[in-house]
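The file run30.pdb comes next; it holds PDB, C-alpha atoms.
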ATOM      1  CA  MET A   1      72.408  17.113  37.461
ATOM      2  CA  ARG A   2      73.859  20.647  37.163
ATOM      3  CA  HIS A   3      74.205  22.766  40.247
ATOM      4  CA  SER A   4      74.046  26.519  40.038
ATOM      5  CA  ALA A   5      76.991  28.429  41.471
ATOM      6  CA  LEU A   6      74.746  31.297  42.603
ATOM      7  CA  PRO A   7      73.732  29.806  45.990
ATOM      8  CA  TRP A   8      77.384  29.119  46.797
ATOM      9  CA  LEU A   9      78.374  32.624  45.771
ATOM     10  CA  LEU A  10      75.649  34.144  47.948
ATOM     11  CA  LEU A  11      76.712  31.969  50.864
ATOM     12  CA  ALA A  12      80.356  32.987  50.420
ATOM     13  CA  VAL A  13      79.495  36.697  50.275
ATOM     14  CA  SER A  14      77.220  36.558  53.313
ATOM     15  CA  ALA A  15      79.697  34.475  55.320
ATOM     16  CA  SER A  16      82.533  36.899  54.584
ATOM     17  CA  GLY A  17      80.669  39.753  56.189
ATOM     18  CA  CYS A  18      80.527  41.794  52.966
ATOM     19  CA  THR A  19      77.964  44.515  52.897
ATOM     20  CA  PHE A  20      76.772  46.542  49.988
ATOM     21  CA  LYS A  21      75.987  50.227  50.183
ATOM     22  CA  PHE A  22      73.454  51.600  47.771
ATOM     23  CA  ASP A  23      73.182  55.355  47.306
ATOM     24  CA  LEU A  24      69.965  56.494  45.765
ATOM     25  CA  THR A  25      70.296  59.636  43.720
ATOM     26  CA  SER A  26      67.547  61.774  42.371
ATOM     27  CA  GLN A  27      66.891  61.916  38.697
ATOM     28  CA  ARG A  28      68.086  64.966  36.817
ATOM     29  CA  THR A  29      65.556  67.573  35.841
ATOM     30  CA  ALA A  30      64.796  68.177  32.187
ATOM     31  CA  LEU A  31      66.670  71.485  32.367
ATOM     32  CA  GLU A  32      69.754  69.806  33.876
ATOM     33  CA  ASN A  33      69.726  67.242  31.069
ATOM     34  CA  GLN A  34      69.310  69.990  28.495
ATOM     35  CA  VAL A  35      72.211  72.043  29.915
ATOM     36  CA  ILE A  36      74.482  68.985  30.110
ATOM     37  CA  GLY A  37      73.549  68.021  26.559
ATOM     38  CA  ALA A  38      74.217  71.526  25.236
ATOM     39  CA  TYR A  39      77.673  71.588  26.850
ATOM     40  CA  LYS A  40      78.465  68.148  25.427
ATOM     41  CA  GLU A  41      77.368  69.248  21.972
ATOM     42  CA  LEU A  42      79.596  72.342  22.134
ATOM     43  CA  ASP A  43      82.491  70.255  23.440
ATOM     44  CA  ASP A  44      82.043  67.913  20.476
ATOM     45  CA  ASP A  45      82.251  70.961  18.187
ATOM     46  CA  VAL A  46      85.442  72.064  19.972
ATOM     47  CA  ILE A  47      86.980  68.653  19.338
ATOM     48  CA  LEU A  48      85.886  68.741  15.720
ATOM     49  CA  ALA A  49      87.245  72.267  15.215
ATOM     50  CA  SER A  50      90.590  71.414  16.786
ATOM     51  CA  SER A  51      90.976  68.176  14.838
ATOM     52  CA  VAL A  52      90.725  69.833  11.431
ATOM     53  CA  ARG A  53      94.154  71.426  11.278
ATOM     54  CA  ALA A  54      94.932  70.061   7.834
ATOM     55  CA  PRO A  55      91.612  68.790   6.567
ATOM     56  CA  ASP A  56      91.376  66.299   3.784
ATOM     57  CA  PRO A  57      90.336  68.272   0.696
ATOM     58  CA  LYS A  58      87.608  65.687   0.070
ATOM     59  CA  ALA A  59      86.242  65.875   3.622
ATOM     60  CA  THR A  60      83.354  68.184   4.370
ATOM     61  CA  VAL A  61      83.685  70.288   7.490
ATOM     62  CA  PRO A  62      80.354  71.486   8.843
ATOM     63  CA  LYS A  63      79.933  75.260   8.747
ATOM     64  CA  LEU A  64      78.993  76.755  12.107
ATOM     65  CA  SER A  65      76.620  79.677  12.461
ATOM     66  CA  ALA A  66      78.131  82.870  13.891
ATOM     67  CA  GLU A  67      76.344  82.302  17.222
ATOM     68  CA  ARG A  68      77.494  78.717  17.488
ATOM     69  CA  LYS A  69      81.048  79.702  16.495
ATOM     70  CA  ARG A  70      81.098  82.278  19.332
ATOM     71  CA  ALA A  71      79.961  79.588  21.781
ATOM     72  CA  VAL A  72      82.574  77.105  20.491
ATOM     73  CA  ASP A  73      85.259  79.799  20.815
ATOM     74  CA  ALA A  74      84.059  80.475  24.369
ATOM     75  CA  ARG A  75      84.318  76.751  25.245
ATOM     76  CA  GLN A  76      87.825  76.628  23.752
ATOM     77  CA  ASN A  77      88.827  79.614  25.879
ATOM     78  CA  GLN A  78      87.339  77.937  28.961
ATOM     79  CA  ASP A  79      89.368  74.807  28.201
ATOM     80  CA  PHE A  80      92.500  76.933  27.802
ATOM     81  CA  ASN A  81      91.965  78.666  31.174
ATOM     82  CA  ARG A  82      90.696  75.616  33.096
ATOM     83  CA  ASP A  83      94.014  74.619  34.704
ATOM     84  CA  ASP A  84      94.697  78.150  35.981
ATOM     85  CA  ILE A  85      91.165  78.505  37.302
ATOM     86  CA  GLU A  86      91.300  75.144  39.089
ATOM     87  CA  GLU A  87      94.686  76.018  40.607
ATOM     88  CA  LEU A  88      93.303  79.319  41.901
ATOM     89  CA  LYS A  89      90.277  77.503  43.322
ATOM     90  CA  ASP A  90      92.623  75.072  45.071
ATOM     91  CA  LYS A  91      94.633  78.034  46.431
ATOM     92  CA  GLN A  92      91.316  79.420  47.751
ATOM     93  CA  VAL A  93      91.446  82.558  45.637
ATOM     94  CA  LEU A  94      88.425  81.739  43.431
ATOM     95  CA  GLY A  95      85.052  80.234  44.229
ATOM     96  CA  GLU A  96      81.857  79.197  42.469
ATOM     97  CA  ALA A  97      79.007  81.626  43.148
ATOM     98  CA  VAL A  98      75.323  80.785  43.449
ATOM     99  CA  ASP A  99      74.545  82.666  40.208
ATOM    100  CA  GLY A 100      76.763  80.403  38.106
ATOM    101  CA  THR A 101      79.745  82.737  37.935
ATOM    102  CA  VAL A 102      83.255  82.246  39.207
ATOM    103  CA  VAL A 103      84.380  85.008  41.583
ATOM    104  CA  VAL A 104      87.437  86.193  43.467
ATOM    105  CA  LEU A 105      86.590  85.226  47.020
ATOM    106  CA  PRO A 106      85.831  88.064  49.421
ATOM    107  CA  SER A 107      88.849  88.737  51.661
ATOM    108  CA  GLY A 108      86.930  87.686  54.779
ATOM    109  CA  VAL A 109      86.144  84.258  53.338
ATOM    110  CA  ALA A 110      89.522  82.716  52.653
ATOM    111  CA  GLY A 111      91.968  85.344  53.881
ATOM    112  CA  ILE A 112      93.323  86.307  50.449
ATOM    113  CA  GLN A 113      95.843  89.091  50.267
ATOM    114  CA  PRO A 114      94.739  91.801  47.791
ATOM    115  CA  GLY A 115      97.335  92.808  45.224
ATOM    116  CA  THR A 116      99.125  89.460  44.998
ATOM    117  CA  SER A 117      99.957  88.045  41.591
ATOM    118  CA  ASP A 118      97.407  85.266  42.186
ATOM    119  CA  VAL A 119      94.653  87.825  42.768
ATOM    120  CA  ARG A 120      95.645  89.863  39.686
ATOM    121  CA  LEU A 121      95.584  86.714  37.531
ATOM    122  CA  ALA A 122      92.306  85.649  39.147
ATOM    123  CA  MET A 123      90.629  88.964  38.312
ATOM    124  CA  GLN A 124      91.651  88.631  34.663
ATOM    125  CA  LEU A 125      90.476  85.014  34.479
ATOM    126  CA  VAL A 126      87.178  85.804  36.221
ATOM    127  CA  ASP A 127      86.325  88.377  33.561
ATOM    128  CA  GLU A 128      87.152  85.964  30.724
ATOM    129  CA  GLU A 129      85.460  82.945  32.288
ATOM    130  CA  ASN A 130      82.238  84.746  33.153
ATOM    131  CA  LYS A 131      82.044  86.297  29.677
ATOM    132  CA  ASP A 132      82.543  82.815  28.179
ATOM    133  CA  ARG A 133      79.910  81.313  30.481
ATOM    134  CA  MET A 134      77.412  83.990  29.482
ATOM    135  CA  THR A 135      78.113  83.357  25.784
ATOM    136  CA  VAL A 136      77.477  79.633  26.227
ATOM    137  CA  TRP A 137      74.302  80.204  28.257
ATOM    138  CA  HIS A 138      72.882  82.543  25.625
ATOM    139  CA  ARG A 139      73.739  80.012  22.900
ATOM    140  CA  LEU A 140      72.027  77.260  24.873
ATOM    141  CA  ILE A 141      68.867  79.357  25.057
ATOM    142  CA  GLU A 142      69.048  80.379  21.366
ATOM    143  CA  ALA A 143      69.453  76.764  20.264
ATOM    144  CA  SER A 144      66.610  75.456  22.415
ATOM    145  CA  GLU A 145      63.037  75.179  21.285
ATOM    146  CA  THR A 146      61.799  75.193  24.873
ATOM    147  CA  LEU A 147      63.899  77.963  26.448
ATOM    148  CA  GLU A 148      63.521  81.719  26.182
ATOM    149  CA  ASP A 149      65.573  84.696  27.410
ATOM    150  CA  LYS A 150      63.445  84.765  30.562
ATOM    151  CA  ASP A 151      64.868  81.305  31.418
ATOM    152  CA  LEU A 152      68.447  82.600  31.755
ATOM    153  CA  PRO A 153      68.314  82.737  35.604
ATOM    154  CA  ALA A 154      67.156  79.091  35.720
ATOM    155  CA  VAL A 155      69.918  78.046  33.300
ATOM    156  CA  ARG A 156      72.478  79.879  35.453
ATOM    157  CA  ARG A 157      71.200  78.249  38.674
ATOM    158  CA  THR A 158      71.287  74.843  36.996
ATOM    159  CA  ARG A 159      74.863  75.326  35.839
ATOM    160  CA  ALA A 160      75.809  76.687  39.278
ATOM    161  CA  LYS A 161      74.507  73.478  40.853
ATOM    162  CA  GLU A 162      76.602  71.416  38.419
ATOM    163  CA  GLN A 163      79.673  73.516  39.235
ATOM    164  CA  ARG A 164      79.098  73.004  42.987
ATOM    165  CA  ASP A 165      78.682  69.268  42.462
ATOM    166  CA  GLN A 166      81.908  69.108  40.423
ATOM    167  CA  ALA A 167      83.970  71.246  42.807
ATOM    168  CA  ALA A 168      86.905  69.470  44.411
ATOM    169  CA  PRO A 169      86.947  68.969  48.178
ATOM    170  CA  GLY A 170      88.329  72.059  49.910
ATOM    171  CA  GLN A 171      87.257  74.479  47.173
ATOM    172  CA  TRP A 172      84.907  77.324  48.064
ATOM    173  CA  ILE A 173      81.328  77.272  46.804
ATOM    174  CA  GLN A 174      78.349  79.452  47.537
ATOM    175  CA  ASP A 175      75.267  77.542  48.605
ATOM    176  CA  GLU A 176      71.765  78.365  47.393
ATOM    177  CA  ASN A 177      71.338  80.810  50.296
ATOM    178  CA  GLY A 178      74.468  82.778  49.365
ATOM    179  CA  GLN A 179      76.629  81.396  52.187
ATOM    180  CA  TRP A 180      80.265  80.601  51.354
ATOM    181  CA  LEU A 181      81.456  77.181  52.446
ATOM    182  CA  ARG A 182      84.265  74.819  51.616
ATOM    183  CA  LYS A 183      83.259  71.690  49.745
ATOM    184  CA  ALA A 184      83.495  68.780  52.140
ATOM    185  CA  ASP A 185      85.500  65.622  51.504
ATOM    186  CA  GLN A 186      83.278  62.893  50.177
TER     187      GLN A 186
END
Structure translated into structure tokens:
Amino acid sequence: MRHSALPWLLLAVSASGCTFKFDLTSQRTALENQVIGAYKELDDDVILASSVRAPDPKATVPKLSAERKRAVDARQNQDFNRDDIEELKDKQVLGEAVDGTVVVLPSGVAGIQPGTSDVRLAMQLVDEENKDRMTVWHRLIEASETLEDKDLPAVRRTRAKEQRDQAAPGQWIQDENGQWLRKADQ
């Protein structure tokens, strides 16, 4: 007669005092899934574009539309600037705003000193990053059958929520009410 190991395993786990913690998370909205999917699709195009340095003459490289090419270029620029932006967020010079943009933090928020090299770099990166974000958002709307120009604020809010969720502990984020707060340790 075969004995199942499951009862013994359950007994061992319960006797050892192990507990399991289950966190229930809400399901993503359709717009969140659409935004995430659009970013993934553009990131795949970035990888494809960067991997074709010396293409095989027999290989066919897909031709991108002008709009999609602009969005891919914007994602490449975001990738290029990502380390500097994250460093400036960690130094509490930049923060993620409620409207989906990255901003130089107001001087009263994190005590930044105007005129420092970090602030000058941050101002340059903010302009580039926000222009790139806007390009990607417009491409997302253009490529969608269900979104229109009037949906841009919702797309921005959705991306802002993702940026807040992805922020590292200690970085500054603006909550949905416009209040600046530091992301808590999790």
ask   = Which residue out of A:Leu181, A:Leu94, A:Ala167, A:Leu31 has the minimum interatomic distance to Ser144 in chain A when only C-alpha atoms are used?
value =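 Closest candidate: A:Leu31.
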Could you give me, as a Markdown table, a per-residue list for range 144-183 of chain A showing, wherever an atom lies at most 12 Å from an atom of range 80-88 of chain A, the closest pair of atoms and their distance in Å to one decimal, using all atoms listed in the file and sorting by chain then residue number from low to high?
| residue | atom | partner | partner_atom | distance |
| --- | --- | --- | --- | --- |
| A:Gln163 | CA | A:Glu86 | CA | 11.7 |
| A:Gln166 | CA | A:Glu86 | CA | 11.2 |
| A:Ala167 | CA | A:Glu86 | CA | 9.1 |
| A:Ala168 | CA | A:Glu86 | CA | 8.9 |
| A:Pro169 | CA | A:Glu86 | CA | 11.8 |
| A:Gly170 | CA | A:Glu86 | CA | 11.6 |
| A:Gln171 | CA | A:Glu86 | CA | 9.1 |
| A:Trp172 | CA | A:Leu88 | CA | 10.6 |
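Taking CA of Lys161 in chain A as the reference point, CA of Gly100 in chain A is found at 7.8 Å.
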message = Applying the PyMOL selection byres ((chain A and resi 160) around 9) to the file I just gave you, which residues come out? Please list them as a count of residues only.
response = 16
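Closest approach to Gln179 in chain A from the set A:Lys91, A:Leu105, A:Thr146, A:Lys131 is made by A:Leu105, with distances taken over only C-alpha atoms.
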ask   = For Val126 in chain A, which residue out of A:Ile173, A:Leu140, A:Leu147, A:Val103 is the nearest one, using all atoms listed in the file?
value =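 Residue with the minimum atom-to-atom distance to Val126 in chain A: A:Val103.
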task = Find the spatial neighbours of Arg68 in chain A, counting all atoms listed in the file, within a cut-off of 8 Å - ignore same-chain residues fewer than 4 positions away - and output them as a VMD selection string.
result = chain A and resid 64 72 139
task = Choose the residue, out of A:Glu128, A:Asp118, A:Glu67, A:Asp90, that has the smallest atom-to-atom separation from Lys183 in chain A; count all atoms listed in the file.
result =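 The closest residue to Lys183 in chain A is A:Asp90.
Between CA of Gly95 in chain A and CA of Ala184 in chain A the interatomic distance comes to 14.0 Å.
Nearest residue to Ala74 in chain A among A:Val119, A:Asp132, A:Asp151, A:Trp137 is A:Asp132, counting all atoms listed in the file.
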Point-to-point distance in Å for CA of Lys63 in chain A and CA of Glu145 in chain A =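 It comes out at 21.0 Å.
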What are the centre and edge lengths in Å, to one decimal, of the axis-aligned box around all listed atoms of range 67-86 of chain A with 6 Å added on each side, as JSON?
{"center_x": 85.5, "center_y": 78.5, "center_z": 27.8, "size_x": 30.4, "size_y": 19.7, "size_z": 34.6}
